[in-house]
$ cat final03.pdb   # PDB, C-alpha atoms
ATOM      1  CA  MET A   1     -28.499 -10.689   1.746
ATOM      2  CA  ARG A   2     -25.336  -8.811   2.799
ATOM      3  CA  LEU A   3     -22.446  -9.616   0.416
ATOM      4  CA  PHE A   4     -18.777  -8.847  -0.068
ATOM      5  CA  MET A   5     -15.864 -10.149  -2.159
ATOM      6  CA  ALA A   6     -12.819 -11.254  -0.164
ATOM      7  CA  ALA A   7      -9.430 -12.930  -0.416
ATOM      8  CA  TYR A   8      -8.113 -15.059   2.446
ATOM      9  CA  PRO A   9      -4.439 -15.477   3.361
ATOM     10  CA  PRO A  10      -3.192 -19.074   3.196
ATOM     11  CA  ILE A  11      -2.933 -20.932   6.503
ATOM     12  CA  GLU A  12       0.860 -20.586   6.711
ATOM     13  CA  ILE A  13       0.538 -16.786   6.437
ATOM     14  CA  ARG A  14      -2.203 -16.718   9.082
ATOM     15  CA  GLU A  15      -0.004 -18.795  11.405
ATOM     16  CA  HIS A  16       2.946 -16.463  10.822
ATOM     17  CA  PHE A  17       0.791 -13.382  11.472
ATOM     18  CA  GLN A  18      -0.777 -15.003  14.548
ATOM     19  CA  ALA A  19       2.616 -14.810  16.282
ATOM     20  CA  VAL A  20       2.547 -10.996  16.166
ATOM     21  CA  VAL A  21      -1.179 -10.735  16.954
ATOM     22  CA  ASP A  22      -0.615 -12.781  20.117
ATOM     23  CA  ARG A  23       1.778 -10.042  21.325
ATOM     24  CA  LEU A  24      -0.699  -7.185  20.775
ATOM     25  CA  ALA A  25      -2.432  -5.458  23.667
ATOM     26  CA  VAL A  26      -5.706  -5.978  21.838
ATOM     27  CA  ALA A  27      -5.237  -9.754  22.279
ATOM     28  CA  ARG A  28      -4.948  -9.589  26.088
ATOM     29  CA  PRO A  29      -7.927 -10.793  28.110
ATOM     30  CA  ARG A  30      -9.995  -7.954  29.560
ATOM     31  CA  GLU A  31     -13.390  -7.346  31.119
ATOM     32  CA  ARG A  32     -14.945  -5.948  27.951
ATOM     33  CA  SER A  33     -14.539  -7.606  24.567
ATOM     34  CA  VAL A  34     -12.442  -5.926  21.904
ATOM     35  CA  ARG A  35     -13.924  -8.338  19.357
ATOM     36  CA  LEU A  36     -10.655  -9.869  18.227
ATOM     37  CA  ALA A  37     -11.139 -11.487  14.813
ATOM     38  CA  PRO A  38     -10.135 -15.176  14.805
ATOM     39  CA  PRO A  39      -7.482 -16.126  12.208
ATOM     40  CA  GLU A  40      -9.943 -18.082  10.069
ATOM     41  CA  ARG A  41     -11.896 -14.837   9.472
ATOM     42  CA  TRP A  42      -8.889 -12.671   8.554
ATOM     43  CA  HIS A  43      -9.513 -11.513   5.011
ATOM     44  CA  LEU A  44      -8.881  -8.735   2.556
ATOM     45  CA  THR A  45     -12.161  -7.226   1.393
ATOM     46  CA  VAL A  46     -11.893  -6.731  -2.365
ATOM     47  CA  ALA A  47     -15.347  -5.122  -2.665
ATOM     48  CA  PHE A  48     -18.174  -4.579  -0.203
ATOM     49  CA  LEU A  49     -21.588  -4.852  -1.847
ATOM     50  CA  GLY A  50     -23.929  -4.551   1.125
ATOM     51  CA  GLU A  51     -27.517  -5.705   0.749
ATOM     52  CA  VAL A  52     -28.064  -7.494  -2.585
ATOM     53  CA  GLU A  53     -31.170  -9.293  -3.814
ATOM     54  CA  ASP A  54     -29.685 -10.869  -6.964
ATOM     55  CA  GLU A  55     -27.017 -13.307  -5.781
ATOM     56  CA  ASN A  56     -26.572 -14.648  -9.351
ATOM     57  CA  ALA A  57     -25.536 -11.238 -10.675
ATOM     58  CA  ALA A  58     -22.927 -11.015  -7.903
ATOM     59  CA  VAL A  59     -21.609 -14.484  -8.809
ATOM     60  CA  ASP A  60     -21.352 -13.374 -12.452
ATOM     61  CA  ALA A  61     -19.449 -10.234 -11.427
ATOM     62  CA  LEU A  62     -17.057 -12.355  -9.389
ATOM     63  CA  GLY A  63     -16.444 -14.557 -12.428
ATOM     64  CA  GLU A  64     -15.017 -11.596 -14.326
ATOM     65  CA  LEU A  65     -12.072 -11.528 -11.936
ATOM     66  CA  ALA A  66     -10.724 -14.755 -13.454
ATOM     67  CA  GLU A  67      -8.761 -12.686 -15.982
ATOM     68  CA  VAL A  68      -7.032 -10.539 -13.348
ATOM     69  CA  PRO A  69      -3.408 -11.525 -12.604
ATOM     70  CA  ALA A  70      -2.877 -12.759  -9.037
ATOM     71  CA  PRO A  71      -0.847 -10.094  -7.202
ATOM     72  CA  ALA A  72       1.947 -11.014  -4.786
ATOM     73  CA  VAL A  73       1.225  -9.406  -1.409
ATOM     74  CA  HIS A  74       2.532  -9.004   2.160
ATOM     75  CA  ILE A  75       0.644  -8.274   5.376
ATOM     76  CA  THR A  76       2.458  -5.345   6.967
ATOM     77  CA  GLY A  77       1.959  -2.233   9.053
ATOM     78  CA  GLY A  78      -1.039  -1.177  11.064
ATOM     79  CA  LYS A  79      -3.498   1.638  11.583
ATOM     80  CA  THR A  80      -6.965   2.323  12.855
ATOM     81  CA  LEU A  81     -10.045   3.009  10.795
ATOM     82  CA  GLY A  82     -13.034   4.773  12.302
ATOM     83  CA  ARG A  83     -13.291   6.489  15.672
ATOM     84  CA  GLY A  84     -14.498   5.852  19.173
ATOM     85  CA  ARG A  85     -16.806   2.892  19.420
ATOM     86  CA  PHE A  86     -16.558   2.340  15.639
ATOM     87  CA  ARG A  87     -12.749   2.054  15.623
ATOM     88  CA  HIS A  88     -11.093  -0.955  13.935
ATOM     89  CA  LEU A  89      -7.464  -2.048  14.290
ATOM     90  CA  VAL A  90      -6.212  -3.211  10.897
ATOM     91  CA  THR A  91      -3.026  -4.238   9.184
ATOM     92  CA  GLY A  92      -2.094  -3.138   5.706
ATOM     93  CA  ILE A  93      -1.482  -5.075   2.529
ATOM     94  CA  GLU A  94       1.505  -4.206   0.350
ATOM     95  CA  THR A  95       2.620  -5.514  -3.010
ATOM     96  CA  ASP A  96       5.977  -5.827  -4.699
ATOM     97  CA  ASP A  97       4.679  -3.770  -7.624
ATOM     98  CA  GLY A  98       3.791  -0.626  -5.683
ATOM     99  CA  GLY A  99       0.141  -1.600  -5.379
ATOM    100  CA  ALA A 100      -0.610  -1.851  -9.112
ATOM    101  CA  GLY A 101      -1.794  -5.483  -8.938
ATOM    102  CA  LEU A 102      -4.169  -4.843  -6.047
ATOM    103  CA  LYS A 103      -5.435  -1.664  -7.672
ATOM    104  CA  ARG A 104      -6.191  -3.612 -10.869
ATOM    105  CA  LEU A 105      -8.105  -6.235  -8.863
ATOM    106  CA  GLY A 106     -10.155  -3.631  -6.989
ATOM    107  CA  GLU A 107     -10.943  -1.675 -10.154
ATOM    108  CA  GLN A 108     -11.993  -4.802 -12.052
ATOM    109  CA  ALA A 109     -14.287  -5.879  -9.207
ATOM    110  CA  ARG A 110     -15.987  -2.467  -9.125
ATOM    111  CA  LYS A 111     -16.380  -2.350 -12.915
ATOM    112  CA  ALA A 112     -17.966  -5.817 -12.912
ATOM    113  CA  LEU A 113     -20.391  -4.806 -10.144
ATOM    114  CA  LYS A 114     -21.238  -1.535 -11.883
ATOM    115  CA  ARG A 115     -21.994  -3.351 -15.180
ATOM    116  CA  ARG A 116     -24.568  -5.448 -13.311
ATOM    117  CA  ARG A 117     -25.971  -2.428 -11.486
ATOM    118  CA  LEU A 118     -25.052  -3.952  -8.145
ATOM    119  CA  PRO A 119     -24.295  -1.761  -5.151
ATOM    120  CA  TYR A 120     -20.739  -1.418  -3.868
ATOM    121  CA  ASP A 121     -18.825   0.794  -1.474
ATOM    122  CA  ARG A 122     -17.589   3.713  -3.571
ATOM    123  CA  ARG A 123     -15.181   5.076  -0.964
ATOM    124  CA  ASP A 124     -11.464   4.998  -1.689
ATOM    125  CA  TRP A 125     -10.410   1.350  -1.297
ATOM    126  CA  GLN A 126      -7.781   0.805   1.393
ATOM    127  CA  PRO A 127      -6.639  -2.845   1.265
ATOM    128  CA  HIS A 128      -6.379  -4.138   4.837
ATOM    129  CA  VAL A 129      -7.091  -7.054   7.147
ATOM    130  CA  THR A 130      -9.183  -6.306  10.249
ATOM    131  CA  ILE A 131      -7.573  -7.615  13.420
ATOM    132  CA  ALA A 132     -10.039  -6.369  16.030
ATOM    133  CA  ARG A 133     -12.850  -3.976  16.731
ATOM    134  CA  PRO A 134     -11.580  -2.484  19.988
ATOM    135  CA  SER A 135     -13.942   0.502  19.818
ATOM    136  CA  ASP A 136     -12.759   2.821  22.596
ATOM    137  CA  ILE A 137     -11.652   0.055  24.994
ATOM    138  CA  LEU A 138      -7.878   0.255  24.323
ATOM    139  CA  SER A 139      -5.923   3.005  26.058
ATOM    140  CA  ALA A 140      -3.791   5.351  23.949
ATOM    141  CA  GLU A 141      -0.676   3.593  25.266
ATOM    142  CA  GLU A 142      -1.988   0.134  24.347
ATOM    143  CA  LEU A 143      -2.960   1.307  20.892
ATOM    144  CA  ALA A 144       0.463   2.927  20.338
ATOM    145  CA  HIS A 145       2.122  -0.362  21.427
ATOM    146  CA  ASP A 146       0.052  -2.359  18.955
ATOM    147  CA  LEU A 147       0.715   0.054  16.102
ATOM    148  CA  ARG A 148       4.483  -0.108  16.787
ATOM    149  CA  LEU A 149       4.476  -3.918  16.679
ATOM    150  CA  LEU A 150       2.439  -3.949  13.482
ATOM    151  CA  ALA A 151       4.736  -1.341  11.881
ATOM    152  CA  GLU A 152       7.671  -3.717  12.418
ATOM    153  CA  TYR A 153       5.884  -6.746  10.955
ATOM    154  CA  ARG A 154       6.083  -7.998   7.369
ATOM    155  CA  SER A 155       4.643 -11.376   6.456
ATOM    156  CA  PRO A 156       6.196 -13.675   3.910
ATOM    157  CA  ARG A 157       5.023 -12.925   0.391
ATOM    158  CA  TRP A 158       1.984 -14.829  -0.885
ATOM    159  CA  ARG A 159      -0.091 -14.805  -4.042
ATOM    160  CA  LEU A 160      -3.650 -13.623  -3.729
ATOM    161  CA  GLN A 161      -4.895 -16.432  -5.960
ATOM    162  CA  GLU A 162      -8.571 -16.775  -5.113
ATOM    163  CA  VAL A 163     -11.416 -14.358  -4.415
ATOM    164  CA  HIS A 164     -14.645 -15.445  -2.727
ATOM    165  CA  LEU A 165     -18.147 -14.054  -2.797
ATOM    166  CA  MET A 166     -19.173 -14.040   0.844
ATOM    167  CA  ARG A 167     -22.461 -13.620   2.693
ATOM    168  CA  SER A 168     -22.141 -12.047   6.128
ATOM    169  CA  ARG A 169     -24.480 -12.269   9.064
ATOM    170  CA  LEU A 170     -23.901  -9.520  11.571
ATOM    171  CA  GLY A 171     -23.713  -9.926  15.323
ATOM    172  CA  PRO A 172     -21.182  -9.871  18.146
ATOM    173  CA  GLN A 173     -19.233 -12.533  16.225
ATOM    174  CA  PRO A 174     -20.084 -12.075  12.525
ATOM    175  CA  GLU A 175     -20.561 -15.237  10.481
ATOM    176  CA  TYR A 176     -19.387 -15.584   6.874
ATOM    177  CA  ASP A 177     -20.527 -18.100   4.279
ATOM    178  CA  VAL A 178     -18.764 -18.728   0.951
ATOM    179  CA  LEU A 179     -21.251 -18.469  -1.936
ATOM    180  CA  ALA A 180     -18.776 -18.734  -4.819
ATOM    181  CA  ALA A 181     -15.062 -18.505  -5.593
ATOM    182  CA  VAL A 182     -12.891 -17.637  -8.571
ATOM    183  CA  GLN A 183      -9.215 -18.321  -9.272
ATOM    184  CA  LEU A 184      -7.196 -15.333 -10.449
ATOM    185  CA  ARG A 185      -4.873 -15.715 -13.421
TER     186      ARG A 185
END

$ encode --input "final03.pdb" --output "structure tokens"
Amino acid sequence: MRLFMAAYPPIEIREHFQAVVDRLAVARPRERSVRLAPPERWHLTVAFLGEVEDENAAVDALGELAEVPAPAVHITGGKTLGRGRFRHLVTGIETDDGGAGLKRLGEQARKALKRRRLPYDRRDWQPHVTIARPSDILSAEELAHDLRLLAEYRSPRWRLQEVHLMRSRLGPQPEYDVLAAVQLR
């Protein structure tokens, strides 16, 4: 099964962020889908595991995060990841402590996965929330507009208090199932 660890913004933060997303070019109706992520699927991926056979080992790794302090975060800024048809429009995550709390969370997750010999994405972790997968559908002007609006946005501060172990099923509209959750300290 395809697994990842994720933290979800509280509903009041999603509602606040929705106001800016509604103004983005990526949210405008068009002939071809830009695969706009619905607010209930907005999440911060803490660790991407990929295909895993031993779900119990992943649940155990998640449990180790209970000792990590819950960082205070903001949704802010924007950028793209990937290119062409693989491009994603994302917003960043900032902390009041210069990123130390998020870094600690990401490092602890990877250490716990490594101890259990579970796979995980070893690339440099860039905390973000995916807004849409516009591939190459947005024009340069539309993309620049969206990035300007996102650069001006800063959500209210919230505590990243809970991390979930999620199973994803790929498709035009990916589906996510919660397998387990842990409260951060």

$ resolve_selection --input "final03.pdb" --expression "the PyMOL selection byres ((chain A and resi 133) around 6)" --output "PyMOL selection string"
chain A and resi 34-35+88+132+134-135

$ write_last_selection --input "final03.pdb" --atoms "C-alpha atoms" --output "PDB file, in the coordinates of the input"
ATOM      1  CA  VAL A  34     -12.442  -5.926  21.904  1.00  0.00           C
ATOM      2  CA  ARG A  35     -13.924  -8.338  19.357  1.00  0.00           C
ATOM      3  CA  HIS A  88     -11.093  -0.955  13.935  1.00  0.00           C
ATOM      4  CA  ALA A 132     -10.039  -6.369  16.030  1.00  0.00           C
ATOM      5  CA  PRO A 134     -11.580  -2.484  19.988  1.00  0.00           C
ATOM      6  CA  SER A 135     -13.942   0.502  19.818  1.00  0.00           C
TER       7      SER A 135
END

$ residues_around --input "final03.pdb" --residues "stretch 174-182 of chain A" --least-positions-apart "2" --cutoff "8 Å" --atoms "only C-alpha atoms" --output "list in words"
Arg41, Val59, Leu62, Gly63, Leu65, Ala66, Glu162, Val163, His164, Leu165, Met166, Arg167, Ser168, Arg169, Leu170, Gly171, Pro172 and Leu184 of chain A

$ atom_distance --input "final03.pdb" --atom1 "atom CA of A:Arg85" --atom2 "atom CA of A:Ala140"
14.0 Å

$ resolve_selection --input "final03.pdb" --expression "the PyMOL selection byres ((chain A and resi 71-84) around 9)" --output "VMD selection string"
chain A and resid 13 17 68 to 70 85 to 97 99 to 102 105 128 to 129 134 to 137 146 to 161 184

$ axis_aligned_box --input "final03.pdb" --around "stretch 65-69 of chain A" --padding-each-side "4 Å" --output "JSON"
{"center_x": -7.7, "center_y": -12.6, "center_z": -14.0, "size_x": 16.7, "size_y": 12.2, "size_z": 12.0}

$ closest_residue --input "final03.pdb" --among "A:Val46, A:Ala57, A:Leu36, A:Ala19" --to "A:Phe4" --atoms "only C-alpha atoms"
A:Val46

$ atom_distance --input "final03.pdb" --atom1 "atom CA of A:Tyr120" --atom2 "atom CA of A:Gln183"
21.2 Å

$ closest_residue --input "final03.pdb" --among "A:Pro10, A:Leu3, A:Arg32, A:Ala25" --to "A:Asp121" --atoms "only C-alpha atoms"
A:Leu3

$ closest_residue --input "final03.pdb" --among "A:Asn56, A:Gln108, A:Gln126, A:Thr45" --to "A:Ala6" --atoms "all atoms listed in the file"
A:Thr45

$ atom_distance --input "final03.pdb" --atom1 "atom CA of A:Val26" --atom2 "atom CA of A:Asp124"
26.6 Å

$ resolve_selection --input "final03.pdb" --expression "the PyMOL selection byres ((chain A and resi 113) around 9)" --output "count of residues only"
18

$ closest_residue --input "final03.pdb" --among "A:Val21, A:Met1, A:Ala7, A:Val52" --to "A:Pro38" --atoms "only C-alpha atoms"
A:Val21

$ closest_residue --input "final03.pdb" --among "A:Arg2, A:Arg23, A:Arg123, A:Arg185" --to "A:Glu67" --atoms "only C-alpha atoms"
A:Arg185

$ residues_around --input "final03.pdb" --residues "A:Arg14" --least-positions-apart "3" --cutoff "8 Å" --atoms "only C-alpha atoms" --output "PyMOL selection string"
chain A and resi 9-11+17-18+39-40+42

$ write_last_selection --input "final03.pdb" --atoms "C-alpha atoms" --output "JSON list (two decimals), in the coordinates of the input"
[["chain", "number", "residue", "atom", "x", "y", "z"],
["A", 9, "PRO", "CA", -4.44, -15.48, 3.36],
["A", 10, "PRO", "CA", -3.19, -19.07, 3.20],
["A", 11, "ILE", "CA", -2.93, -20.93, 6.50],
["A", 17, "PHE", "CA", 0.79, -13.38, 11.47],
["A", 18, "GLN", "CA", -0.78, -15.00, 14.55],
["A", 39, "PRO", "CA", -7.48, -16.13, 12.21],
["A", 40, "GLU", "CA", -9.94, -18.08, 10.07],
["A", 42, "TRP", "CA", -8.89, -12.67, 8.55]]

$ closest_residue --input "final03.pdb" --among "A:Leu138, A:Ala47, A:His16, A:His145" --to "A:Arg30" --atoms "all atoms listed in the file"
A:Leu138
